[in-house]
Amino acid sequence: MKKILKIFIFLLLTAHAYAIEFSVKTVYKEKTEDNVSVFLFNAEETIDWKKPSAQSLTDSSGRANFSVLEGRYYILAKKDLKDSQLFGFYGLNPINIRTDQTISVTLLKYREGFAKKIKQSRLEGTVYFEGEPVENVAVYVYLDLSSELKGPPYQYGLTDKKGYFSLDIEEGSYYLVFRKRSGSQFGPPVPGDLIGFFPILPLRVEKGGYRINAHIFQIPEKRDLSENRNVFKVKGRILFKDGKAAEGYYVGLYDNRELLGKPIYVSNPTDSNGKFTIFVKQTGEFYLGVRSRLGDTPDSAERVFYYDRISIRNDYKEQFIEIRLD
């Protein structure tokens with residue numbers, strides 16, 4: 001019995017030793033918001049509101065405190081009001097929680113009726129920023145969280161001058177992301193970007209479709225430095241065999257050497273000097289490949305090049321990779 005007790009105490013102390021004191025600050029209209037429920041979910045392919053990994057309520061300073069094991073989590077927040085709800089989804093989800101830190105989550109207000117069923121098999125709606133419709137917002141539709149809401153989506157559209165978009169849709173479950181970029185087409189959100197995530201996770205379409213109102217916010221110029229610790233950069237350039245720069249190619253990180261399926265992470269198209277950057281939000285072993293276009297598994301008409309395996313660890317130091325295409 002004493003031996004079992006000692007093992008239990010050891011395991012308890014070990015778990016406590018690796019616990020990370022982590023906090024989330026919720027902000028609505030540039031002011032901290034109390035009594036907001038903040039949820040952490042282990043990074044998986046779905047989110048189940050009934051089974052969060054951890055849950056806490058923000059205090060008078062707008063902070064929710066957690067003691068969690070090191071891991072990879074989605075951070076969501078919501079607060080029910082009389083005729084609306086406040087909703088927040090951390091822009092760099094999922095995040096590697098590996099150090100004591102504070103993350104700021106922006107809340108957006110969604111009024112009752114922001115998602116209405118329609119008879120047509122269509123997903124349509126309007127995207128707003130600070131109450132005004134926004135043109136040229138990219139609408140990304142994902143089937144699940146396996147891609148972590150990045151890379152090529154299942155469906156894609158753009159809003160018009162009135163902030164309106166329309167996509168044909170089939171029965172299924174969908175995750176919606178809205179983004180208007182100030183910089184490059186790929187990579188994590190950067191200061192100046194407009195971004196938003198639809199609060200129904202996932203949106204389940206059975207018969208017909210939905211008409212929705214969606215909201216986006218602008219990523220501030222000054223961001224919490226702790227956020228930068230959660231993104232690794234893989235940089236380099238691509239050259240042809242004769243030494244000339246390879247412009248317009250994509251560099252992707254895959255979980256298989258054959259480069260099958262969608263890349264887990266993907267770069268911008270290489271510039272006129274052949275340079276690229278991949279933003280990576282997790283540690284692990286990846287296979288680096290070069291493709292002439294984006295998409296799922298390459299076809300016979302596409303130029304695809306396998307380069308090498310790359311290892312991303314917590315102590316990863318940024319390095320410059322030169323790739324020659326033969």
# chains A, B, ... in the order shown; residues from 1 in each chain; ligands from 1
call {"tool": "select_by_dssp", "arguments": {"residues": "range 67-305 of chain A", "states": "strand (DSSP E)", "output": "VMD selection string"}}
result
chain A and resid 67 to 69 71 to 80 84 to 89 95 to 97 101 to 106 108 to 111 115 to 118 122 to 129 132 to 133 138 to 142 155 to 158 164 to 168 172 to 180 194 to 197 203 to 205 209 to 218 232 to 240 250 to 254 265 to 266 275 to 280 284 to 291 304 to 305
call {"tool": "closest_atom_pairs", "arguments": {"of": "range 88-147 of chain A", "to": "range 55-64 of chain A", "cutoff": "10 Å", "atoms": "only C-alpha atoms", "output": "CSV"}}
result
residue,atom,partner,partner_atom,distance
A:Thr102,CA,A:Arg63,CA,8.8
A:Ile103,CA,A:Arg63,CA,9.4
A:Ser104,CA,A:Arg63,CA,9.0
call {"tool": "write_last_selection", "arguments": {"atoms": "C-alpha atoms", "output": "compact mmCIF listing (two decimals), in the first residue's frame"}}
result
# COMPACT_ATOMS: atom_id res chain seq x y z
CA THR A 102 -0.77 35.63 -21.43
CA ILE A 103 -2.70 35.58 -24.70
CA SER A 104 -5.16 38.28 -25.77
call {"tool": "residues_around", "arguments": {"residues": "Leu145 in chain A", "least_positions_apart": "5", "cutoff": "10 Å", "atoms": "only C-alpha atoms", "output": "PyMOL selection string"}}
result
chain A and resi 43-47+94+150+174-175+202
call {"tool": "residues_around", "arguments": {"residues": "Val251 in chain A", "least_positions_apart": "5", "cutoff": "12 Å", "atoms": "only C-alpha atoms", "output": "PDB file with C-alpha atoms, in the first residue's frame"}}
result
ATOM      1  CA  GLY A 151      -3.852  25.856 -46.476  1.00  0.00           C
ATOM      2  CA  PHE A 186      -0.338  32.720 -46.852  1.00  0.00           C
ATOM      3  CA  GLY A 187       1.140  32.408 -43.396  1.00  0.00           C
ATOM      4  CA  VAL A 234      11.505  28.184 -42.232  1.00  0.00           C
ATOM      5  CA  LYS A 235      13.135  30.411 -44.846  1.00  0.00           C
ATOM      6  CA  GLY A 236      15.010  29.782 -48.040  1.00  0.00           C
ATOM      7  CA  ARG A 237      15.136  30.196 -51.787  1.00  0.00           C
ATOM      8  CA  ILE A 238      14.632  27.989 -54.811  1.00  0.00           C
ATOM      9  CA  ALA A 246      12.506  29.892 -59.479  1.00  0.00           C
ATOM     10  CA  LEU A 259       3.865  14.563 -50.576  1.00  0.00           C
ATOM     11  CA  LYS A 262      -2.662  18.837 -48.647  1.00  0.00           C
ATOM     12  CA  PRO A 263       0.497  20.289 -47.103  1.00  0.00           C
ATOM     13  CA  ILE A 264       0.334  20.873 -43.362  1.00  0.00           C
ATOM     14  CA  TYR A 265       2.058  24.225 -43.893  1.00  0.00           C
ATOM     15  CA  VAL A 266       2.653  26.113 -47.127  1.00  0.00           C
ATOM     16  CA  SER A 267       4.697  29.163 -48.143  1.00  0.00           C
ATOM     17  CA  ASN A 268       3.875  32.195 -50.205  1.00  0.00           C
ATOM     18  CA  PRO A 269       4.664  31.830 -53.897  1.00  0.00           C
ATOM     19  CA  THR A 270       8.411  32.365 -54.266  1.00  0.00           C
ATOM     20  CA  ASP A 271       9.316  35.927 -55.255  1.00  0.00           C
ATOM     21  CA  GLY A 274      13.112  32.602 -55.495  1.00  0.00           C
ATOM     22  CA  LYS A 275      12.724  33.337 -51.777  1.00  0.00           C
ATOM     23  CA  PHE A 276      10.026  31.843 -49.543  1.00  0.00           C
ATOM     24  CA  THR A 277       8.962  31.722 -45.886  1.00  0.00           C
ATOM     25  CA  ILE A 278       6.914  29.040 -44.123  1.00  0.00           C
ATOM     26  CA  PHE A 279       5.334  29.843 -40.755  1.00  0.00           C
ATOM     27  CA  TYR A 287       8.849  16.417 -45.299  1.00  0.00           C
ATOM     28  CA  LEU A 288       9.656  19.472 -47.382  1.00  0.00           C
ATOM     29  CA  GLY A 289       8.512  19.556 -50.993  1.00  0.00           C
ATOM     30  CA  VAL A 290       8.273  22.077 -53.819  1.00  0.00           C
ATOM     31  CA  ARG A 291       5.224  22.349 -56.068  1.00  0.00           C
ATOM     32  CA  SER A 292       4.354  24.491 -59.057  1.00  0.00           C
ATOM     33  CA  ARG A 293       0.768  24.999 -57.803  1.00  0.00           C
ATOM     34  CA  LEU A 294      -1.450  24.442 -54.785  1.00  0.00           C
ATOM     35  CA  VAL A 304       6.750  18.374 -57.853  1.00  0.00           C
ATOM     36  CA  PHE A 305      10.106  18.085 -56.090  1.00  0.00           C
ATOM     37  CA  TYR A 306      10.904  16.313 -52.822  1.00  0.00           C
ATOM     38  CA  TYR A 307      13.700  18.080 -50.977  1.00  0.00           C
ATOM     39  CA  ASP A 308      14.380  16.653 -47.521  1.00  0.00           C
ATOM     40  CA  ILE A 321      17.587  26.634 -46.951  1.00  0.00           C
ATOM     41  CA  GLU A 322      18.720  26.692 -50.567  1.00  0.00           C
ATOM     42  CA  ILE A 323      16.885  24.279 -52.878  1.00  0.00           C
TER      43      ILE A 323
END
call {"tool": "select_by_dssp", "arguments": {"residues": "range 70-317 of chain A", "states": "helix (DSSP H, G or I)", "output": "list in words"}}
result
Leu225, Ser226, Glu227 and Asn228 of chain A
call {"tool": "residues_around", "arguments": {"residues": "Arg313 in chain A", "least_positions_apart": "2", "cutoff": "9 Å", "atoms": "only C-alpha atoms", "output": "list in words"}}
result
Gln282, Thr283, Gly284, Glu285, Ser311, Asp315, Tyr316 and Lys317 of chain A
call {"tool": "write_last_selection", "arguments": {"atoms": "N, CA and C atoms", "output": "mmCIF file, in the first residue's frame"}}
result
data_model
loop_
_atom_site.group_PDB
_atom_site.id
_atom_site.type_symbol
_atom_site.label_atom_id
_atom_site.label_comp_id
_atom_site.auth_asym_id
_atom_site.auth_seq_id
_atom_site.Cartn_x
_atom_site.Cartn_y
_atom_site.Cartn_z
ATOM 1 N N GLN A 282 3.945 24.303 -34.892
ATOM 2 C CA GLN A 282 4.040 23.110 -34.073
ATOM 3 C C GLN A 282 5.391 22.448 -34.280
ATOM 4 N N THR A 283 5.804 21.677 -33.318
ATOM 5 C CA THR A 283 7.042 20.926 -33.446
ATOM 6 C C THR A 283 6.755 19.567 -34.081
ATOM 7 N N GLY A 284 7.806 18.946 -34.605
ATOM 8 C CA GLY A 284 7.628 17.630 -35.195
ATOM 9 C C GLY A 284 8.535 17.407 -36.390
ATOM 10 N N GLU A 285 8.344 16.245 -37.031
ATOM 11 C CA GLU A 285 9.102 15.884 -38.225
ATOM 12 C C GLU A 285 8.239 16.146 -39.462
ATOM 13 N N SER A 311 13.269 18.829 -39.213
ATOM 14 C CA SER A 311 12.843 18.632 -37.831
ATOM 15 C C SER A 311 12.662 19.985 -37.152
ATOM 16 N N ASP A 315 13.718 24.212 -29.580
ATOM 17 C CA ASP A 315 14.945 25.006 -29.655
ATOM 18 C C ASP A 315 15.357 25.282 -31.108
ATOM 19 N N TYR A 316 14.405 25.124 -32.022
ATOM 20 C CA TYR A 316 14.695 25.326 -33.449
ATOM 21 C C TYR A 316 15.223 26.736 -33.698
ATOM 22 N N LYS A 317 16.324 26.827 -34.414
ATOM 23 C CA LYS A 317 16.898 28.119 -34.769
ATOM 24 C C LYS A 317 16.672 28.359 -36.255
#
call {"tool": "closest_residue", "arguments": {"among": "A:Asn213, A:Arg303, A:Val105, A:Gly208", "to": "Tyr250 in chain A", "atoms": "only C-alpha atoms"}}
result
A:Arg303
call {"tool": "atom_distance", "arguments": {"atom1": "CA of Ile97 in chain A", "atom2": "CA of Ala77 in chain A"}}
result
16.8 Å
call {"tool": "residues_around", "arguments": {"residues": "Arg98 in chain A", "least_positions_apart": "3", "cutoff": "10 Å", "atoms": "only C-alpha atoms", "output": "PyMOL selection string"}}
result
chain A and resi 18-22+68-72+95+101+229-230+314
call {"tool": "write_last_selection", "arguments": {"atoms": "N, CA, C and O atoms", "output": "mmCIF file, in the first residue's frame"}}
result
data_model
loop_
_atom_site.group_PDB
_atom_site.id
_atom_site.type_symbol
_atom_site.label_atom_id
_atom_site.label_comp_id
_atom_site.auth_asym_id
_atom_site.auth_seq_id
_atom_site.Cartn_x
_atom_site.Cartn_y
_atom_site.Cartn_z
ATOM 1 N N TYR A 18 5.274 19.950 -14.448
ATOM 2 C CA TYR A 18 5.191 20.319 -15.848
ATOM 3 C C TYR A 18 3.977 21.196 -16.153
ATOM 4 O O TYR A 18 3.733 21.534 -17.302
ATOM 5 N N ALA A 19 3.207 21.536 -15.120
ATOM 6 C CA ALA A 19 2.044 22.396 -15.333
ATOM 7 C C ALA A 19 2.497 23.808 -15.687
ATOM 8 O O ALA A 19 3.490 24.311 -15.159
ATOM 9 N N ILE A 20 1.784 24.429 -16.613
ATOM 10 C CA ILE A 20 2.117 25.783 -17.065
ATOM 11 C C ILE A 20 1.018 26.737 -16.616
ATOM 12 O O ILE A 20 -0.168 26.474 -16.825
ATOM 13 N N GLU A 21 1.424 27.820 -15.986
ATOM 14 C CA GLU A 21 0.465 28.849 -15.578
ATOM 15 C C GLU A 21 0.197 29.730 -16.792
ATOM 16 O O GLU A 21 1.067 30.468 -17.241
ATOM 17 N N PHE A 22 -0.979 29.630 -17.304
ATOM 18 C CA PHE A 22 -1.330 30.243 -18.588
ATOM 19 C C PHE A 22 -2.588 31.085 -18.391
ATOM 20 O O PHE A 22 -3.507 30.677 -17.675
ATOM 21 N N VAL A 68 -2.207 24.236 -16.924
ATOM 22 C CA VAL A 68 -2.358 23.140 -17.889
ATOM 23 C C VAL A 68 -1.020 22.488 -18.189
ATOM 24 O O VAL A 68 0.041 23.072 -17.965
ATOM 25 N N LEU A 69 -1.085 21.272 -18.700
ATOM 26 C CA LEU A 69 0.119 20.604 -19.147
ATOM 27 C C LEU A 69 0.544 21.162 -20.498
ATOM 28 O O LEU A 69 -0.283 21.627 -21.283
ATOM 29 N N GLU A 70 1.837 21.121 -20.764
ATOM 30 C CA GLU A 70 2.343 21.584 -22.056
ATOM 31 C C GLU A 70 1.623 20.821 -23.164
ATOM 32 O O GLU A 70 1.432 19.613 -23.095
ATOM 33 N N GLY A 71 1.198 21.551 -24.186
ATOM 34 C CA GLY A 71 0.468 20.908 -25.271
ATOM 35 C C GLY A 71 0.038 21.896 -26.320
ATOM 36 O O GLY A 71 0.458 23.057 -26.326
ATOM 37 N N ARG A 72 -0.820 21.424 -27.179
ATOM 38 C CA ARG A 72 -1.278 22.205 -28.330
ATOM 39 C C ARG A 72 -2.783 22.355 -28.207
ATOM 40 O O ARG A 72 -3.522 21.357 -28.191
ATOM 41 N N ILE A 95 -2.506 26.810 -30.596
ATOM 42 C CA ILE A 95 -1.288 27.397 -30.064
ATOM 43 C C ILE A 95 -0.527 26.365 -29.251
ATOM 44 O O ILE A 95 -1.125 25.528 -28.572
ATOM 45 N N GLN A 101 2.568 32.352 -19.986
ATOM 46 C CA GLN A 101 2.319 33.496 -20.851
ATOM 47 C C GLN A 101 0.870 33.938 -20.760
ATOM 48 O O GLN A 101 0.022 33.239 -20.186
ATOM 49 N N ARG A 229 6.530 33.558 -29.707
ATOM 50 C CA ARG A 229 7.262 32.359 -29.324
ATOM 51 C C ARG A 229 6.594 31.102 -29.853
ATOM 52 O O ARG A 229 7.132 30.019 -29.760
ATOM 53 N N ASN A 230 5.406 31.247 -30.391
ATOM 54 C CA ASN A 230 4.656 30.082 -30.823
ATOM 55 C C ASN A 230 4.701 29.865 -32.327
ATOM 56 O O ASN A 230 3.991 29.024 -32.851
ATOM 57 N N ASN A 314 11.508 22.678 -30.097
ATOM 58 C CA ASN A 314 11.316 23.912 -29.334
ATOM 59 C C ASN A 314 12.539 24.823 -29.390
ATOM 60 O O ASN A 314 12.416 26.041 -29.275
#
call {"tool": "residues_around", "arguments": {"residues": "Ile118 in chain A", "least_positions_apart": "6", "cutoff": "9 Å", "atoms": "only C-alpha atoms", "output": "PyMOL selection string"}}
result
chain A and resi 207-211
call {"tool": "write_last_selection", "arguments": {"atoms": "C-alpha atoms", "output": "short mmCIF file (atom, residue, chain, number, x, y, z; two decimals), in the first residue's frame"}}
result
data_model
loop_
_atom_site.label_atom_id
_atom_site.label_comp_id
_atom_site.auth_asym_id
_atom_site.auth_seq_id
_atom_site.Cartn_x
_atom_site.Cartn_y
_atom_site.Cartn_z
CA LYS A 207 -31.25 20.24 -45.92
CA GLY A 208 -30.89 23.52 -47.78
CA GLY A 209 -28.31 26.02 -46.61
CA TYR A 210 -27.67 29.09 -44.47
CA ARG A 211 -27.71 32.87 -44.70
#
call {"tool": "atom_distance", "arguments": {"atom1": "CA of Lys31 in chain A", "atom2": "CA of Val190 in chain A"}}
result
21.3 Å
call {"tool": "closest_residue", "arguments": {"among": "A:Lys25, A:Lys82, A:Lys117, A:His215", "to": "Pro199 in chain A", "atoms": "only C-alpha atoms"}}
result
A:His215
call {"tool": "closest_residue", "arguments": {"among": "A:Val36, A:Leu239, A:Val134, A:Ile200", "to": "Phe217 in chain A", "atoms": "only C-alpha atoms"}}
result
A:Val134
call {"tool": "atom_distance", "arguments": {"atom1": "CA of Leu76 in chain A", "atom2": "CA of Ile312 in chain A"}}
result
26.2 Å
